[in-house]
Amino acid sequence: MTQPGNWPGAREYLDAIQTPSVCFSDPRLKKANIHLNAIGMPQAVAGKSAVVFKGTAAGKDIAIRCFTRAASDQRLRYRALHTHLEYPPWYMVDFGYRDNEILVGNTRYPLIEMEWVDGAPLDEWVRSHLRRNGDLARQAAAWLTIVDDMLQREMAHGDIANDNCMVSGSQLKLVDYDGCYIPGLADKNPGEFGAQHFQHPKRAGYYAGNMDAFPSLVIYLSLAALHADPALWGRYHKDKNLIFHSDDYKAPQGTPIWGELAQSPDTRVRSLAIELARMCREPVSRLPSLPEVIAGESQWWEQVDLRETGVRAREAPPPAGTQTPPPPSKDWLRDHVPAESGPREPARPEQPPARTRWPEQPPTWTPSRKPTPAMTVLKAVGVTIAIIVALLVVLGIIGAIVGH
C-alpha cells in the first residue's frame with residue numbers, strides 16, 4: 001500500500017472525484033454517478049479526518065469516505081472490525097475498506113465505501129421532533145437498546161456525536177467507525193477522542209471498551225430531559241451540542257443547565273443528572289455503562305477501577321451534601337414510552353445466523369401460522385370428542401324429561 005507523507009485535503013479530493021472513470025481503480029466505482037450540489041459541484045461533507053461524497057454505483061446510493069489525514073492502522077482496523085462483527089447490527093451500515101482506490105495527483109489513496117444513510121444528524125432530528133408526543137422518549141429507549149447491544153458485542157464507537165448519529169425516519173444509525181474499539185484493537189489507539197460537547201473532560205488519551213459510557217448517558221439524559229421540558233432546547237442548544245456544553249462537564253452542578261435539571265418535572269431526569277455530574281469528576285476508566293446506570297447500580301463511585309487494578313477497595317465517599325439518587329423503577333421506561341408505537345428490542349440469538357446481507361432493521365420473530373400434520377389430527381380428534389360429549393348431554397336431558 002502507498003504510504004503518502006501528506007494527505008490530500010477536501011479541495012484536492014473534490015477535484016479528483018469529478019472524473020470517476022479516471023480517479024477510481026474499481027470498475028464499479030469508475031461508472032459511479034457522483035451527486036452534485038446546487039452549483040454543480042460534487043456533494044460533500046467534510047469532517048475532522050475525512051471528506052464524504054455521495055454517489056450511486058450499480059443502482060445503489062453509497063458514501064465515499066476519503067481520508068484527509070493519516071490514522072493508525074486504518075486497513076487493519078476496518079478489517080478487524082468487519083471480522084469481529086460477523087454481520088453488523090441494524091444500527092450500523094455496510095462498509096468496506098479499499099486500498100489504493102482513489103487517484104489524487106500522482107498518488108493513490110485508500111477510502112471507505114459505505115451504505116448511504118438518508119437521514120438527519122441527531123440534533124436536527126431532535127429539533128424537528130421536540131413537540132411530537134413521545135418521539136424523544138421512544139428514541140431514548142431505542143438508544144438504550146443500541147448501547148446495550150454494543151456492550152454485548154464488546155464494542156465501543158469512540159466518537160458518539162450528532163453527526164455520527166444519523167436518524168432516518170425514526171431509526172438511528174451510527175456512522176464513522178474510524179475510532180471503534182474491539183478487544184482485538186486494544187493496542188491500536190487511533191488517537192481520536194471524540195466531539196467535546198459529548199466527551200468526558202478527561203477523555204484525552206483514553207481508549208478502552210467503556211469509552212462510550214459518558215457520551216451514552218449524555219445523549220440518553222438529553223433526550224429524557226427534553227421530553228420532560230422541550231423549552232430546554234432554546235436555552236441550551238447552541239451549535240454542535242444537544243443541551244450540554246463542554247464547559248458544563250468542567251463545572252459539574254456549577255452551570256445553569258445543572259440547576260434546571262435538578263428542577264425537572266421528571267424524577268428520573270433529576271437522578272440521572274446527578275449520575276452524570278458524578279461521572280464528570282471521575283476518571284473515564286471507572287465509569288459504569290448506561291444500562292448499569294439505568295438499572296440503578298449507583299454505588300459505582302465507591303469502587304476502585306477493577307479494569308486497572310483487579311482489586312476491590314473503598315474510596316472516599318462523594319462530597320458532603322451530594323444527593324444520592326433513588327433507585328430507578330423498572331417500569332420507568334414503560335411509563336414514558338407509549339407501548340403501542342415504541343421501538344421493538346431485537347432478539348439476541350446466542351449464535352448469529354449466517355447472512356449474505358447485513359440486516360437493515362432489528363431482527364424480529366413471527367410465529368408460523370401453518371399447521372403441522374400432527375396439529376391437524378389433534379384438532380380433528382378434539383372436535384370429534386366435543387361432538388360426542390354434546391350428544392351425550394342432549395340424550396341425558398331427553399331421558400330425564402321422558403322419565404318425568
# chains A, B, ... in the order shown; residues from 1 in each chain; ligands from 1

$ residues_around --residues "A:Val104" --least-positions-apart "2" --cutoff "12 Å" --atoms "only C-alpha atoms" --output "ChimeraX atom specification"
/A:4,6-20,22-25,66-68,100-102,106-111

$ residues_around --residues "stretch 212-221 of chain A" --least-positions-apart "4" --cutoff "6 Å" --atoms "only C-alpha atoms" --output "VMD selection string"
chain A and resid 140 156 198 to 199 225 289 to 290

$ closest_residue --among "A:Met166, A:Arg65, A:Thr267, A:Pro89" --to "A:Ala46" --atoms "only C-alpha atoms"
A:Arg65

$ residues_around --residues "A:Leu174" --least-positions-apart "2" --cutoff "6 Å" --atoms "only C-alpha atoms" --output "list of chain:residue names"
A:Tyr91, A:Met92, A:Asn164, A:Cys165

$ select_by_dssp --residues "stretch 80-195 of chain A" --states "alpha helix (DSSP H)" --output "MDAnalysis selection string"
chainID A and resid 80:85 122:129 135:152

$ write_last_selection --atoms "C-alpha atoms" --output "PDB file, in the first residue's frame"
ATOM      1  CA  ALA A  80     -10.661  -6.458  12.236  1.00  0.00           C
ATOM      2  CA  LEU A  81     -13.987  -4.736  12.902  1.00  0.00           C
ATOM      3  CA  HIS A  82     -15.602  -6.481   9.944  1.00  0.00           C
ATOM      4  CA  THR A  83     -14.402  -9.869  11.234  1.00  0.00           C
ATOM      5  CA  HIS A  84     -15.402  -9.153  14.834  1.00  0.00           C
ATOM      6  CA  LEU A  85     -18.985  -8.221  13.990  1.00  0.00           C
ATOM      7  CA  LEU A 122     -29.311  13.681  15.773  1.00  0.00           C
ATOM      8  CA  ASP A 123     -29.548  17.378  16.734  1.00  0.00           C
ATOM      9  CA  GLU A 124     -31.531  18.238  13.594  1.00  0.00           C
ATOM     10  CA  TRP A 125     -33.880  15.319  14.221  1.00  0.00           C
ATOM     11  CA  VAL A 126     -34.375  16.402  17.844  1.00  0.00           C
ATOM     12  CA  ARG A 127     -35.160  19.976  16.778  1.00  0.00           C
ATOM     13  CA  SER A 128     -37.913  18.800  14.459  1.00  0.00           C
ATOM     14  CA  HIS A 129     -39.415  16.359  16.999  1.00  0.00           C
ATOM     15  CA  ASP A 135     -40.852  10.762  19.960  1.00  0.00           C
ATOM     16  CA  LEU A 136     -37.922  11.743  22.183  1.00  0.00           C
ATOM     17  CA  ALA A 137     -38.836   9.143  24.806  1.00  0.00           C
ATOM     18  CA  ARG A 138     -39.032   6.465  22.137  1.00  0.00           C
ATOM     19  CA  GLN A 139     -35.649   7.492  20.772  1.00  0.00           C
ATOM     20  CA  ALA A 140     -34.181   7.337  24.298  1.00  0.00           C
ATOM     21  CA  ALA A 141     -35.488   3.775  24.640  1.00  0.00           C
ATOM     22  CA  ALA A 142     -34.036   2.844  21.234  1.00  0.00           C
ATOM     23  CA  TRP A 143     -30.712   4.417  22.227  1.00  0.00           C
ATOM     24  CA  LEU A 144     -30.555   2.291  25.378  1.00  0.00           C
ATOM     25  CA  THR A 145     -31.126  -0.816  23.244  1.00  0.00           C
ATOM     26  CA  ILE A 146     -28.286   0.182  20.880  1.00  0.00           C
ATOM     27  CA  VAL A 147     -25.847   0.849  23.720  1.00  0.00           C
ATOM     28  CA  ASP A 148     -26.688  -2.454  25.392  1.00  0.00           C
ATOM     29  CA  ASP A 149     -26.207  -4.324  22.126  1.00  0.00           C
ATOM     30  CA  MET A 150     -22.785  -2.741  21.564  1.00  0.00           C
ATOM     31  CA  LEU A 151     -21.760  -3.829  25.060  1.00  0.00           C
ATOM     32  CA  GLN A 152     -22.857  -7.384  24.315  1.00  0.00           C
TER      33      GLN A 152
END

$ atom_distance --atom1 "atom CA of A:Val51" --atom2 "atom CA of A:Pro183"
28.0 Å

$ closest_residue --among "A:Trp258, A:Asn210, A:Phe193, A:Met114" --to "A:Glu292" --atoms "only C-alpha atoms"
A:Asn210

$ residues_around --residues "A:Asp159" --least-positions-apart "2" --cutoff "7 Å" --atoms "only C-alpha atoms" --output "list in words"
His157, Ala161, Gly179, Phe193, Gly194 and Ala195 of chain A

$ closest_residue --among "A:Ala50, A:Ile243, A:Gly55, A:His197" --to "A:Asn37" --atoms "only C-alpha atoms"
A:Gly55

$ select_by_dssp --residues "stretch 77-260 of chain A" --states "strand (DSSP E or B)" --output "PDB file with N, CA and C atoms, in the first residue's frame"
ATOM      1  N   PHE A  95     -20.021  -1.496   5.176  1.00  0.00           N
ATOM      2  CA  PHE A  95     -18.815  -0.729   4.884  1.00  0.00           C
ATOM      3  C   PHE A  95     -17.737  -1.644   4.324  1.00  0.00           C
ATOM      4  N   GLY A  96     -16.806  -1.040   3.600  1.00  0.00           N
ATOM      5  CA  GLY A  96     -15.683  -1.795   3.059  1.00  0.00           C
ATOM      6  C   GLY A  96     -14.485  -0.882   2.880  1.00  0.00           C
ATOM      7  N   TYR A  97     -13.324  -1.348   3.304  1.00  0.00           N
ATOM      8  CA  TYR A  97     -12.086  -0.584   3.156  1.00  0.00           C
ATOM      9  C   TYR A  97     -11.449  -0.929   1.809  1.00  0.00           C
ATOM     10  N   ARG A  98     -11.048   0.085   1.052  1.00  0.00           N
ATOM     11  CA  ARG A  98     -10.468  -0.139  -0.271  1.00  0.00           C
ATOM     12  C   ARG A  98      -9.083   0.507  -0.340  1.00  0.00           C
ATOM     13  N   ASP A  99      -8.055  -0.319  -0.498  1.00  0.00           N
ATOM     14  CA  ASP A  99      -6.681   0.161  -0.624  1.00  0.00           C
ATOM     15  C   ASP A  99      -6.459   0.815  -1.991  1.00  0.00           C
ATOM     16  N   ASN A 100      -5.600   1.830  -2.027  1.00  0.00           N
ATOM     17  CA  ASN A 100      -5.131   2.404  -3.296  1.00  0.00           C
ATOM     18  C   ASN A 100      -6.269   2.630  -4.296  1.00  0.00           C
ATOM     19  N   GLU A 101      -7.365   3.185  -3.834  1.00  0.00           N
ATOM     20  CA  GLU A 101      -8.568   3.252  -4.664  1.00  0.00           C
ATOM     21  C   GLU A 101      -8.712   4.552  -5.441  1.00  0.00           C
ATOM     22  N   ILE A 102      -8.400   5.688  -4.824  1.00  0.00           N
ATOM     23  CA  ILE A 102      -8.668   6.965  -5.483  1.00  0.00           C
ATOM     24  C   ILE A 102      -7.356   7.670  -5.821  1.00  0.00           C
ATOM     25  N   LEU A 103      -7.254   8.112  -7.053  1.00  0.00           N
ATOM     26  CA  LEU A 103      -6.049   8.781  -7.551  1.00  0.00           C
ATOM     27  C   LEU A 103      -6.198  10.289  -7.361  1.00  0.00           C
ATOM     28  N   VAL A 104      -5.268  10.868  -6.602  1.00  0.00           N
ATOM     29  CA  VAL A 104      -5.223  12.319  -6.410  1.00  0.00           C
ATOM     30  C   VAL A 104      -3.816  12.758  -6.769  1.00  0.00           C
ATOM     31  N   THR A 107      -0.705  10.050  -6.839  1.00  0.00           N
ATOM     32  CA  THR A 107      -0.698   9.054  -5.766  1.00  0.00           C
ATOM     33  C   THR A 107      -2.098   8.490  -5.542  1.00  0.00           C
ATOM     34  N   ARG A 108      -2.155   7.196  -5.266  1.00  0.00           N
ATOM     35  CA  ARG A 108      -3.430   6.560  -4.937  1.00  0.00           C
ATOM     36  C   ARG A 108      -3.571   6.455  -3.419  1.00  0.00           C
ATOM     37  N   TYR A 109      -4.780   6.710  -2.955  1.00  0.00           N
ATOM     38  CA  TYR A 109      -5.064   6.718  -1.524  1.00  0.00           C
ATOM     39  C   TYR A 109      -6.208   5.749  -1.222  1.00  0.00           C
ATOM     40  N   PRO A 110      -6.294   5.272   0.020  1.00  0.00           N
ATOM     41  CA  PRO A 110      -7.413   4.392   0.403  1.00  0.00           C
ATOM     42  C   PRO A 110      -8.680   5.201   0.637  1.00  0.00           C
ATOM     43  N   LEU A 111      -9.801   4.501   0.677  1.00  0.00           N
ATOM     44  CA  LEU A 111     -11.074   5.121   1.041  1.00  0.00           C
ATOM     45  C   LEU A 111     -11.973   4.067   1.673  1.00  0.00           C
ATOM     46  N   ILE A 112     -13.036   4.529   2.276  1.00  0.00           N
ATOM     47  CA  ILE A 112     -14.066   3.644   2.829  1.00  0.00           C
ATOM     48  C   ILE A 112     -15.336   3.831   2.011  1.00  0.00           C
ATOM     49  N   GLU A 113     -15.865   2.733   1.489  1.00  0.00           N
ATOM     50  CA  GLU A 113     -17.160   2.782   0.828  1.00  0.00           C
ATOM     51  C   GLU A 113     -18.203   2.287   1.821  1.00  0.00           C
ATOM     52  N   MET A 114     -19.250   3.083   2.011  1.00  0.00           N
ATOM     53  CA  MET A 114     -20.281   2.757   2.989  1.00  0.00           C
ATOM     54  C   MET A 114     -21.662   2.903   2.362  1.00  0.00           C
ATOM     55  N   GLU A 115     -22.600   2.235   2.956  1.00  0.00           N
ATOM     56  CA  GLU A 115     -24.007   2.415   2.587  1.00  0.00           C
ATOM     57  C   GLU A 115     -24.415   3.845   2.922  1.00  0.00           C
ATOM     58  N   ALA A 120     -31.039  12.612   9.027  1.00  0.00           N
ATOM     59  CA  ALA A 120     -30.575  13.873   9.600  1.00  0.00           C
ATOM     60  C   ALA A 120     -29.692  13.579  10.806  1.00  0.00           C
ATOM     61  N   PRO A 121     -28.688  14.434  11.056  1.00  0.00           N
ATOM     62  CA  PRO A 121     -27.921  14.297  12.294  1.00  0.00           C
ATOM     63  C   PRO A 121     -28.852  14.385  13.495  1.00  0.00           C
ATOM     64  N   ALA A 156     -17.128  -0.516  21.227  1.00  0.00           N
ATOM     65  CA  ALA A 156     -17.425   0.870  21.559  1.00  0.00           C
ATOM     66  C   ALA A 156     -17.162   1.709  20.315  1.00  0.00           C
ATOM     67  N   CYS A 165     -24.524  10.164  14.571  1.00  0.00           N
ATOM     68  CA  CYS A 165     -25.799   9.528  14.923  1.00  0.00           C
ATOM     69  C   CYS A 165     -26.841  10.038  13.934  1.00  0.00           C
ATOM     70  N   MET A 166     -27.006   9.317  12.845  1.00  0.00           N
ATOM     71  CA  MET A 166     -27.923   9.741  11.789  1.00  0.00           C
ATOM     72  C   MET A 166     -29.281   9.069  11.997  1.00  0.00           C
ATOM     73  N   VAL A 167     -30.345   9.860  11.904  1.00  0.00           N
ATOM     74  CA  VAL A 167     -31.685   9.319  12.113  1.00  0.00           C
ATOM     75  C   VAL A 167     -32.440   9.353  10.802  1.00  0.00           C
ATOM     76  N   SER A 168     -32.833   8.172  10.340  1.00  0.00           N
ATOM     77  CA  SER A 168     -33.604   8.028   9.107  1.00  0.00           C
ATOM     78  C   SER A 168     -35.011   7.581   9.491  1.00  0.00           C
ATOM     79  N   GLN A 171     -35.328   5.639  12.854  1.00  0.00           N
ATOM     80  CA  GLN A 171     -34.269   4.667  13.112  1.00  0.00           C
ATOM     81  C   GLN A 171     -32.909   5.353  13.171  1.00  0.00           C
ATOM     82  N   LEU A 172     -32.231   5.227  14.307  1.00  0.00           N
ATOM     83  CA  LEU A 172     -30.912   5.821  14.471  1.00  0.00           C
ATOM     84  C   LEU A 172     -29.843   4.850  13.977  1.00  0.00           C
ATOM     85  N   LYS A 173     -28.904   5.378  13.193  1.00  0.00           N
ATOM     86  CA  LYS A 173     -27.774   4.585  12.706  1.00  0.00           C
ATOM     87  C   LYS A 173     -26.470   5.284  13.039  1.00  0.00           C
ATOM     88  N   LEU A 174     -25.510   4.513  13.530  1.00  0.00           N
ATOM     89  CA  LEU A 174     -24.181   5.038  13.809  1.00  0.00           C
ATOM     90  C   LEU A 174     -23.323   4.944  12.552  1.00  0.00           C
ATOM     91  N   TYR A 181     -13.673   0.593  19.084  1.00  0.00           N
ATOM     92  CA  TYR A 181     -12.890  -0.305  19.929  1.00  0.00           C
ATOM     93  C   TYR A 181     -13.503  -1.700  19.877  1.00  0.00           C
TER      94      TYR A 181
END

$ residues_around --residues "A:Ala277" --least-positions-apart "2" --cutoff "12 Å" --atoms "only C-alpha atoms" --output "MDAnalysis selection string"
chainID A and resid 200:201 214 217:218 221 244 248:255 257:259 261:262 270:275 279:282 287 301 318:319 322:325

$ residues_around --residues "A:Ile34" --least-positions-apart "2" --cutoff "7 Å" --atoms "only C-alpha atoms" --output "JSON list (two decimals) with C-alpha atoms, in the first residue's frame"
[["chain", "number", "residue", "atom", "x", "y", "z"],
["A", 32, "ALA", "CA", -20.42, 5.72, -10.43],
["A", 36, "LEU", "CA", -23.82, 17.30, -7.33],
["A", 42, "PRO", "CA", -19.76, 17.19, -6.00],
["A", 54, "LYS", "CA", -22.43, 10.82, -2.18],
["A", 55, "GLY", "CA", -22.52, 8.61, -5.23],
["A", 56, "THR", "CA", -24.64, 5.98, -6.94]]
